[in-house]
Amino acid sequence: MVMISWGYQLKAQEVKEDNQHFFSDFMYRRGNDYRTASGKPGPNYWQNKADYEIEAELDDKNKTITGKVTLTYTNNSPEALDFIWLYVEQNRFTENSRGTLTTPFSGNRYEGDVEGGYQITDLQTDGDAAKHLITDTRMQVFLKEPLKANGGKTKISMNFTYKIPEKGMDRMGRYDAKEGTVYSLAQWYPRVAVFDDVVGWNVEPYLGAGEFYLEYGDFDYKITVPYNHIVAGSGELQNPKEVLTQQEQDRLEEASKSDQTVYIIKPKEVGKAMTHPKKSGKATWHFHMNNTRDVAFASSASFIWDAAKINLPNGKTALSQSVYPEESNGDQAWKNSTAYTKASIEFYSKTYYPYPYKNAVNVASNAGGMEYPGLSFCSYESKGAGLWNVIDHEFGHNWFPMIVGSNERKYPWMDEGFNTFINYYSTKAYENGKFKSYIDGSRGIVPYLKKENREGIDTYPDVANARNLAYTAYFKPATGLVVLREYILGPERFDNAFKSYIKTWAYKHPQPSDFFNHMENVAGENLSWFWKSWFYGNKNLDIGIKEVKTQKGGSIITVENDGEVPMPVLLKITFSDDSTKEVKLPVEIWQRGNTWDYFLKSEKSVQKVEFDPNKQLPDVNAANDSWQDSAK
């Protein structure tokens with residue numbers, strides 16, 4: 001322990017707390033056997049595994065799904081389990097669900113039909129009838145014997161059926177197109193909840209705004225539909241010879257080698273008998289997907305279908321595909337979907353981490369935009385810049401949270417915010433900035449930061465004001481990462497750390513502390529002041545130039561922090577001879593108080609001083625960002 005004088009202590013106590021306290025250690029630094037202080041999985045890190053076999057049938061007349069799911073659950077935890085929690089999220093679409101009862105009567109994006117809900121029958125564990133308890137969108141399945149730790153396995157099976165909601169909370173649903181109903185099916189089977197080392201069972205109810213937190217595993221699923229339907233699903237089609245014509249198989253092969261979009265089913269062929277091997281009855285489409293947290297699918301007799309090759313940096317390729325009805329076709333509309341999907345995935349693969357799936361399928365849906373592994377639902381009405389933005393955003397989600405499996409229900413900023421951040425760069429890169437990004441640099445968020453009813457990034461998504469969620473989950477965290485990359489760390493240090501985070505936590509379950517720790521350790525910077533001030537609470541950035549005084553040998557430039565967010569201070573100094581100089585003061589100046597005097601050694605007369613001359617920071621008060629010599 002170092003002794004300090006009483007005089008220094010008194011001086012420190014006089015300093016206004018607003019800036020200084022952000023530099024104290026943050027509790028995220030603590031590590032253990034499961035998660036290290038360096039932001040990596042620990043030597044004893046574990047996560048459980050969930051493998052699914054599903055057979056389901058879509059009844060186009062009654063708008064229902066009926067099926068059977070068999071879940072093989074592996075308990076890799078060090079704890080024996082007496083029961084397993086599953087999510088039955090179709091129960092959100094009932095009159096008395098928590099989600100329905102917490103939706104404002106005026107409605108919002110996450111309202112849904114109330115005619116749905118699961119009917120669960122013949123529930124078994126390891127072949128025997130099992131006791132279970134359903135509470136809203138959660139189902140607890142009790143085991144006869146505790147499931148052994150460190151690798152114990154159990155099989156849970158059940159039959160299920162439900163009415164497909166028309167309005168599925170902007171995540172799924174159905175709508176009528178000219179040639180038949182378009183179904184977007186997600187949250188369509190009972191899914192196991194995550195049991196982790198942080199809270200045990202994660203059983204937050206599905207209300208609407210909070211999304212998902214799921215285990216990884218292998219999926220084998222079969223979907224039986226009317227013979228004239230096309231099914232687009234997550235993963236790889238296992239039986240193309242049974243459900244596709246030879247011409248369609250040949251066209252898919254051509255598309256797999258083409259950088260240009262190739263029609264699998266042309267607009268003029270939709271609804272024609274020539275597009276289906278069968279002429280009546282039903283057809284079963286069989287898909288498989290490994291090491292994924294979920295699967296979704298779409299089905300319709302209305303689909304135009306096209307595809308093109310995706311080039312991946314590891315020498316592999318994937319297939320970009322789009323399915324959409326004639327109503328969505330057009331030169332400014334869904335005719336571009338496959339090309340946009342291809343460009344988006346190629347950018348993220350090259351820049352961050354290679355795309356891991358064989359297919360990337362975009363579905364023209366009545367969901368405005370929703371992501372699932374290898375498949376997205378985007379509005380069938382989107383076109384132009386709107387179509388690019390929704391496609392780029394939804395497929396960006398394959399990196400967050402499909403590859404990096406964070407808890408969306410608690411921490412939406414770890415998927416929505418991170419994804420909006422990478423969207424910013426992919427949009428800038430696409431055809432030299434042809435389209436405008438969701439976020440416009442850093443100052444575009446300032447009007448929101450000035451609102452009295454603003455909320456922090458750490459606000460729980462289902463609690464956040466509906467008007468604020470776009471900022472708390474998407475725009476503010478994305479803006480913060482742009483600031484961290486462009487202004488605080490610089491691109492090279494940031495990119496090293498961010499790419500390392502993705503690689504380190506691929507197919508695992510990181511917590512916020514893991515992200516903070518990993519970024520700091522790889523970048524080599526204590527950023528506690530940044531995490532605490534930007535990601536927690538409602539603090540704002542307001543740094544300005546207080547005054548400039550001339551004295552022998554130079555000038556004293558006094559900068560002042562009138563806000564509550566510390567930040568390095570970049571100054572552009574213009575001299576009377578119109579020459580300029582830039583000076584960057586480290587963030588540590590604010591450890592010593594809310595004002596700082598910088599002595600500029602120069603015999604030249606200072607004409608102007610600007611803070612943040614490149615406008616890279618979301619400073620809420622531009623009026624004090626510059627000083628001008630009034631005598632000039």
# chains A, B, ... in the order shown; residues from 1 in each chain; ligands from 1
call {"tool": "select_by_dssp", "arguments": {"residues": "region 240-484 of chain A", "states": "strand (DSSP E or B)", "output": "number ranges by chain"}}
result
A: 262-265, 282-292, 297-300, 304-311, 317-324, 359-365, 369-372, 375-379
call {"tool": "residues_around", "arguments": {"residues": "region 181-194 of chain A", "least_positions_apart": "3", "cutoff": "7 Å", "atoms": "only C-alpha atoms", "output": "VMD selection string"}}
result
chain A and resid 85 to 90 172 to 177 201 to 203 213 to 215 296 to 300 365
call {"tool": "closest_residue", "arguments": {"among": "A:Asn538, A:Ser77, A:Asn407, A:Asn419", "to": "Lys450 (chain A)", "atoms": "only C-alpha atoms"}}
result
A:Asn538
call {"tool": "closest_atom_pairs", "arguments": {"of": "region 180-297 of chain A", "to": "region 371-374 of chain A", "cutoff": "9 Å", "atoms": "only C-alpha atoms", "output": "Markdown table"}}
result
| residue | atom | partner | partner_atom | distance |
| --- | --- | --- | --- | --- |
| A:Ala186 | CA | A:Tyr372 | CA | 8.2 |
| A:Gly233 | CA | A:Gly374 | CA | 8.2 |
| A:Ser234 | CA | A:Gly374 | CA | 5.3 |
| A:Gly235 | CA | A:Gly374 | CA | 6.7 |
| A:Thr292 | CA | A:Pro373 | CA | 6.9 |
| A:Arg293 | CA | A:Pro373 | CA | 7.4 |
| A:Asp294 | CA | A:Pro373 | CA | 6.4 |
| A:Val295 | CA | A:Pro373 | CA | 6.2 |
| A:Ala296 | CA | A:Tyr372 | CA | 6.4 |
call {"tool": "residues_around", "arguments": {"residues": "Glu179 (chain A)", "least_positions_apart": "4", "cutoff": "12 Å", "atoms": "only C-alpha atoms", "output": "PyMOL selection string"}}
result
chain A and resi 175+228-230+267-272+300-304+324-327
call {"tool": "select_by_dssp", "arguments": {"residues": "region 232-373 of chain A", "states": "alpha helix (DSSP H)", "output": "ChimeraX atom specification"}}
result
/A:240-243,246-255,337-351
call {"tool": "atom_distance", "arguments": {"atom1": "CA of Ser630 (chain A)", "atom2": "CA of Lys584 (chain A)"}}
result
24.4 Å
call {"tool": "residues_around", "arguments": {"residues": "Val363 (chain A)", "least_positions_apart": "6", "cutoff": "9 Å", "atoms": "only C-alpha atoms", "output": "MDAnalysis selection string"}}
result
chainID A and resid 184 232 297:298 321:324 375:380
call {"tool": "closest_residue", "arguments": {"among": "A:Tyr216, A:Phe195, A:Trp399, A:Trp285", "to": "Val231 (chain A)", "atoms": "only C-alpha atoms"}}
result
A:Trp285
call {"tool": "residues_around", "arguments": {"residues": "region 120-125 of chain A", "least_positions_apart": "6", "cutoff": "10 Å", "atoms": "only C-alpha atoms", "output": "MDAnalysis selection string"}}
result
chainID A and resid 67:72 88 131:132 134 141:144 154:162 190
call {"tool": "closest_residue", "arguments": {"among": "A:Asp625, A:Gln511, A:Trp413, A:Trp529", "to": "Asp562 (chain A)", "atoms": "only C-alpha atoms"}}
result
A:Asp625
call {"tool": "closest_atom_pairs", "arguments": {"of": "region 400-433 of chain A", "to": "region 459-469 of chain A", "cutoff": "8 Å", "atoms": "only C-alpha atoms", "output": "Markdown table"}}
result
| residue | atom | partner | partner_atom | distance |
| --- | --- | --- | --- | --- |
| A:Arg409 | CA | A:Pro461 | CA | 7.2 |
| A:Lys410 | CA | A:Tyr460 | CA | 6.1 |
| A:Tyr411 | CA | A:Tyr460 | CA | 7.3 |
| A:Pro412 | CA | A:Pro461 | CA | 6.9 |
call {"tool": "atom_distance", "arguments": {"atom1": "CA of Asn239 (chain A)", "atom2": "CA of His286 (chain A)"}}
result
6.0 Å
